[in-house]
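Student: Can you read through this structure? Questions will come right after.
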Amino acid sequence: MERGSRSLPDSGRTSPCPRDGEWFIKMLRAEVEKLEHWCQQMEREAEDYELPEEILEKIRSAVGSTQLLLSQKVQQFFRLCQQSMDPTAFPVPTFQDLAGFWDLLQLSIEDVTLKFLELQQLKANSWKLLEPKEEKKVPPPIPKKPPRGRGVPVKERSLDSVDRQRQEARKRLLAAKRAASFRHSSATESADSIEIYIPEAQTRL
């Protein structure tokens with residue numbers, strides 16, 4: 001790509017509105033100059049250094065995507081801005097139309113910008129592909145053995161408490177049975193004494 005091959009002409013008009021067609025053309029011109037500079041820089045890198053084929057493929061992809069963007073969407077938006085400033089044009093694009101198109105154009109510019117940023121990182125790394133960082137696997141923690149003679153494990157303590165509760169329940173049950181049997185035996189003895197007891201008057205009869 002030759003320097004300034006995609007440069008946009010200056011309309012020579014003073015912008016009456018901060019975000020009209022002239023304002024967007026100035027913004028667009030700045031983006032075009034930046035993208036052209038990146039393309040020229042990467043093309044020089046490809047010519048001056050013997051780069052691996054994978055790196056050259058990334059450079060061709062970035063430059064090709066940028067040239068396509070400059071020749072299509074950028075030129076389309078530039079004509080739209082010019083049309084918005086032409087009083088004889090019909091229909092005349094509104095400022096809202098320009099703003100909407102500009103937002104869409106920014107998405108495409110961001111896509112190619114990411115490709116050039118990746119190339120800059122590769123250049124800083126002596127044109128070596130960046131290896132993905134491997135996540136270090138942390139071994140599972142080894143369970144610590146309880147010290148001998150110190151304390152009782154929680155599980156054993158819980159079992160002991162259950163056993164104690166069962167024993168206490170059995171004691172209460174046995175005590176209740178004893179009390180019931182004692183009351184029953186007392187009642188039986190009193191009944192027997194009543195049956196066995198015979199007044200002397202009756203024995204004399």
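Convention: chains lettered A, B, ... in structure tokens order; per-chain residue numbering from 1; ligands numbered from 1 as shown.
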So that I can see what lies close to A:Pro52, please list as a PyMOL selection string the residues with an atom at most 12 Å from it, counting only C-alpha atoms and leaving out residues fewer than 2 positions away in the same chain.
Tutor: chain A and resi 45-46+49-50+54-59+122+126-129
Student: Would you put the residues from that selection into a file with all heavy atoms, as a compact mmCIF listing (two decimals), in the first residue's frame?
Tutor:
```
# COMPACT_ATOMS: atom_id res chain seq x y z
N GLU A 45 8.57 -4.66 7.97
CA GLU A 45 9.10 -5.73 8.81
C GLU A 45 9.17 -7.05 8.04
O GLU A 45 10.14 -7.81 8.17
CB GLU A 45 8.20 -5.92 10.06
CG GLU A 45 8.19 -4.74 11.01
CD GLU A 45 9.48 -4.60 11.79
OE1 GLU A 45 10.22 -5.59 11.88
OE2 GLU A 45 9.75 -3.49 12.30
N ALA A 46 8.16 -7.31 7.23
CA ALA A 46 8.15 -8.54 6.44
C ALA A 46 9.25 -8.54 5.38
O ALA A 46 9.79 -9.60 5.03
CB ALA A 46 6.79 -8.74 5.79
N TYR A 49 13.11 -8.58 7.45
CA TYR A 49 13.48 -9.71 8.29
C TYR A 49 12.94 -11.01 7.69
O TYR A 49 11.90 -11.02 7.04
CB TYR A 49 12.94 -9.54 9.72
CG TYR A 49 13.44 -8.29 10.40
CD1 TYR A 49 12.67 -7.13 10.41
CD2 TYR A 49 14.68 -8.27 11.03
CE1 TYR A 49 13.12 -5.98 11.04
CE2 TYR A 49 15.13 -7.11 11.67
CZ TYR A 49 14.36 -5.97 11.66
OH TYR A 49 14.80 -4.83 12.28
N GLU A 50 13.69 -12.07 7.92
CA GLU A 50 13.22 -13.39 7.51
C GLU A 50 12.33 -13.95 8.62
O GLU A 50 12.81 -14.55 9.58
CB GLU A 50 14.41 -14.31 7.26
CG GLU A 50 15.28 -13.89 6.07
CD GLU A 50 16.42 -14.86 5.84
OE1 GLU A 50 16.52 -15.85 6.61
OE2 GLU A 50 17.20 -14.64 4.90
N GLU A 54 4.27 -18.47 9.76
CA GLU A 54 3.11 -18.18 10.60
C GLU A 54 3.02 -16.69 10.89
O GLU A 54 1.91 -16.12 10.92
CB GLU A 54 3.19 -18.97 11.90
CG GLU A 54 3.11 -20.49 11.70
CD GLU A 54 3.13 -21.24 13.01
OE1 GLU A 54 3.05 -20.59 14.06
OE2 GLU A 54 3.24 -22.48 12.99
N ILE A 55 4.17 -16.05 11.10
CA ILE A 55 4.17 -14.60 11.36
C ILE A 55 3.78 -13.85 10.09
O ILE A 55 2.99 -12.88 10.14
CB ILE A 55 5.55 -14.15 11.85
CG1 ILE A 55 5.93 -14.90 13.13
CG2 ILE A 55 5.55 -12.64 12.08
CD1 ILE A 55 5.05 -14.63 14.31
N LEU A 56 4.33 -14.28 8.96
CA LEU A 56 3.98 -13.62 7.69
C LEU A 56 2.49 -13.75 7.39
O LEU A 56 1.87 -12.82 6.85
CB LEU A 56 4.81 -14.23 6.55
CG LEU A 56 6.32 -13.96 6.60
CD1 LEU A 56 7.01 -14.74 5.48
CD2 LEU A 56 6.61 -12.48 6.48
N GLU A 57 1.92 -14.87 7.75
CA GLU A 57 0.48 -15.06 7.53
C GLU A 57 -0.33 -14.09 8.38
O GLU A 57 -1.34 -13.54 7.93
CB GLU A 57 0.10 -16.51 7.86
CG GLU A 57 -1.36 -16.84 7.59
CD GLU A 57 -1.73 -16.74 6.11
OE1 GLU A 57 -0.83 -16.94 5.28
OE2 GLU A 57 -2.91 -16.46 5.82
N LYS A 58 0.11 -13.85 9.60
CA LYS A 58 -0.59 -12.89 10.45
C LYS A 58 -0.46 -11.48 9.90
O LYS A 58 -1.40 -10.68 9.96
CB LYS A 58 -0.02 -12.96 11.88
CG LYS A 58 -0.39 -14.23 12.63
CD LYS A 58 0.19 -14.22 14.03
CE LYS A 58 -0.19 -15.48 14.81
NZ LYS A 58 -1.65 -15.54 15.07
N ILE A 59 0.72 -11.14 9.35
CA ILE A 59 0.90 -9.81 8.77
C ILE A 59 0.01 -9.63 7.54
O ILE A 59 -0.64 -8.59 7.37
CB ILE A 59 2.39 -9.59 8.41
CG1 ILE A 59 3.23 -9.51 9.69
CG2 ILE A 59 2.56 -8.31 7.59
CD1 ILE A 59 4.71 -9.37 9.45
N LEU A 122 4.33 -9.64 19.13
CA LEU A 122 5.25 -10.61 18.53
C LEU A 122 6.59 -9.95 18.21
O LEU A 122 7.65 -10.55 18.38
CB LEU A 122 4.62 -11.21 17.27
CG LEU A 122 3.40 -12.10 17.48
CD1 LEU A 122 2.79 -12.49 16.15
CD2 LEU A 122 3.78 -13.34 18.27
N SER A 126 10.73 -10.69 19.77
CA SER A 126 11.68 -11.12 18.73
C SER A 126 11.02 -11.99 17.67
O SER A 126 11.62 -12.93 17.16
CB SER A 126 12.88 -11.86 19.37
OG SER A 126 13.56 -11.03 20.29
N TRP A 127 9.78 -11.68 17.37
CA TRP A 127 9.00 -12.38 16.33
C TRP A 127 8.88 -13.88 16.62
O TRP A 127 8.92 -14.71 15.73
CB TRP A 127 9.59 -12.15 14.95
CG TRP A 127 9.46 -10.74 14.49
CD1 TRP A 127 10.46 -9.85 14.30
CD2 TRP A 127 8.25 -10.04 14.18
NE1 TRP A 127 9.97 -8.64 13.88
CE2 TRP A 127 8.60 -8.73 13.79
CE3 TRP A 127 6.89 -10.39 14.18
CZ2 TRP A 127 7.65 -7.78 13.42
CZ3 TRP A 127 5.94 -9.45 13.81
CH2 TRP A 127 6.34 -8.15 13.45
N LYS A 128 8.74 -14.20 17.89
CA LYS A 128 8.49 -15.57 18.29
C LYS A 128 7.05 -15.67 18.78
O LYS A 128 6.57 -14.79 19.49
CB LYS A 128 9.45 -16.00 19.41
CG LYS A 128 10.91 -16.03 18.97
CD LYS A 128 11.80 -16.43 20.13
CE LYS A 128 13.26 -16.43 19.71
NZ LYS A 128 14.16 -16.79 20.84
N LEU A 129 6.41 -16.76 18.39
CA LEU A 129 5.02 -16.93 18.78
C LEU A 129 4.91 -17.01 20.29
O LEU A 129 5.73 -17.63 20.97
CB LEU A 129 4.44 -18.20 18.14
CG LEU A 129 4.29 -18.16 16.61
CD1 LEU A 129 3.79 -19.51 16.10
CD2 LEU A 129 3.32 -17.06 16.19
```
Student: Mind checking DSSP for stretch 33-147 of chain A and telling me the alpha helix (DSSP H) residues as a VMD selection string?
Tutor: chain A and resid 33 to 48 53 to 69 75 to 84 95 to 124
Student: Pick out the closest residue to A:Lys34 from this set: A:Ile142, A:Val92, A:Val112, A:Leu107. Count only C-alpha atoms.
Tutor: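 Checking each candidate against A:Lys34, we get A:Val112 as the closest.
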Student: Write out as a list in words which residues come within 9 Å of A:Gln67 when counting only C-alpha atoms, dropping same-chain ones fewer than 3 positions away.
Tutor: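 The neighbour list is Met1, Arg6, Leu35, Glu36, Cys39, Ala62, Val63, Gly64, Leu70, Ser71 and Gln72 of chain A.
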Student: So that I have them on file, write out the residues from the current selection with N, CA and C atoms, as a PDB file, in the first residue's frame.
Tutor:
```
ATOM      1  N   MET A   1       0.848  -1.183   0.000  1.00  0.00           N
ATOM      2  CA  MET A   1       0.000   0.000   0.000  1.00  0.00           C
ATOM      3  C   MET A   1       0.888   1.239   0.000  1.00  0.00           C
ATOM      4  N   ARG A   6      -4.933   5.994   0.527  1.00  0.00           N
ATOM      5  CA  ARG A   6      -6.323   6.008   0.995  1.00  0.00           C
ATOM      6  C   ARG A   6      -6.643   7.300   1.713  1.00  0.00           C
ATOM      7  N   LEU A  35      -4.161   3.589  10.495  1.00  0.00           N
ATOM      8  CA  LEU A  35      -4.181   2.246   9.904  1.00  0.00           C
ATOM      9  C   LEU A  35      -3.166   2.128   8.776  1.00  0.00           C
ATOM     10  N   GLU A  36      -3.025   3.172   7.957  1.00  0.00           N
ATOM     11  CA  GLU A  36      -2.039   3.135   6.877  1.00  0.00           C
ATOM     12  C   GLU A  36      -0.626   3.037   7.421  1.00  0.00           C
ATOM     13  N   CYS A  39       0.026  -0.559   8.485  1.00  0.00           N
ATOM     14  CA  CYS A  39       0.235  -1.427   7.320  1.00  0.00           C
ATOM     15  C   CYS A  39       1.646  -1.249   6.752  1.00  0.00           C
ATOM     16  N   ALA A  62      -3.590  -9.097   8.679  1.00  0.00           N
ATOM     17  CA  ALA A  62      -3.854  -7.759   9.225  1.00  0.00           C
ATOM     18  C   ALA A  62      -3.871  -6.705   8.123  1.00  0.00           C
ATOM     19  N   VAL A  63      -2.878  -6.753   7.236  1.00  0.00           N
ATOM     20  CA  VAL A  63      -2.808  -5.758   6.160  1.00  0.00           C
ATOM     21  C   VAL A  63      -3.970  -5.931   5.191  1.00  0.00           C
ATOM     22  N   GLY A  64      -4.287  -7.166   4.843  1.00  0.00           N
ATOM     23  CA  GLY A  64      -5.395  -7.410   3.918  1.00  0.00           C
ATOM     24  C   GLY A  64      -6.732  -6.951   4.477  1.00  0.00           C
ATOM     25  N   LEU A  70     -10.479  -0.093   4.331  1.00  0.00           N
ATOM     26  CA  LEU A  70     -10.262   1.256   3.789  1.00  0.00           C
ATOM     27  C   LEU A  70     -10.920   1.435   2.427  1.00  0.00           C
ATOM     28  N   SER A  71     -10.964   0.382   1.653  1.00  0.00           N
ATOM     29  CA  SER A  71     -11.507   0.512   0.297  1.00  0.00           C
ATOM     30  C   SER A  71     -13.029   0.398   0.252  1.00  0.00           C
ATOM     31  N   GLN A  72     -13.638  -0.103   1.303  1.00  0.00           N
ATOM     32  CA  GLN A  72     -15.094  -0.308   1.271  1.00  0.00           C
ATOM     33  C   GLN A  72     -15.800   0.567   2.305  1.00  0.00           C
TER      34      GLN A  72
END
```
Student: So, counting only C-alpha atoms, which residue among A:Leu105, A:Met27, A:Met42, A:Cys81 is closest to A:Pro93?
Tutor: A:Cys81
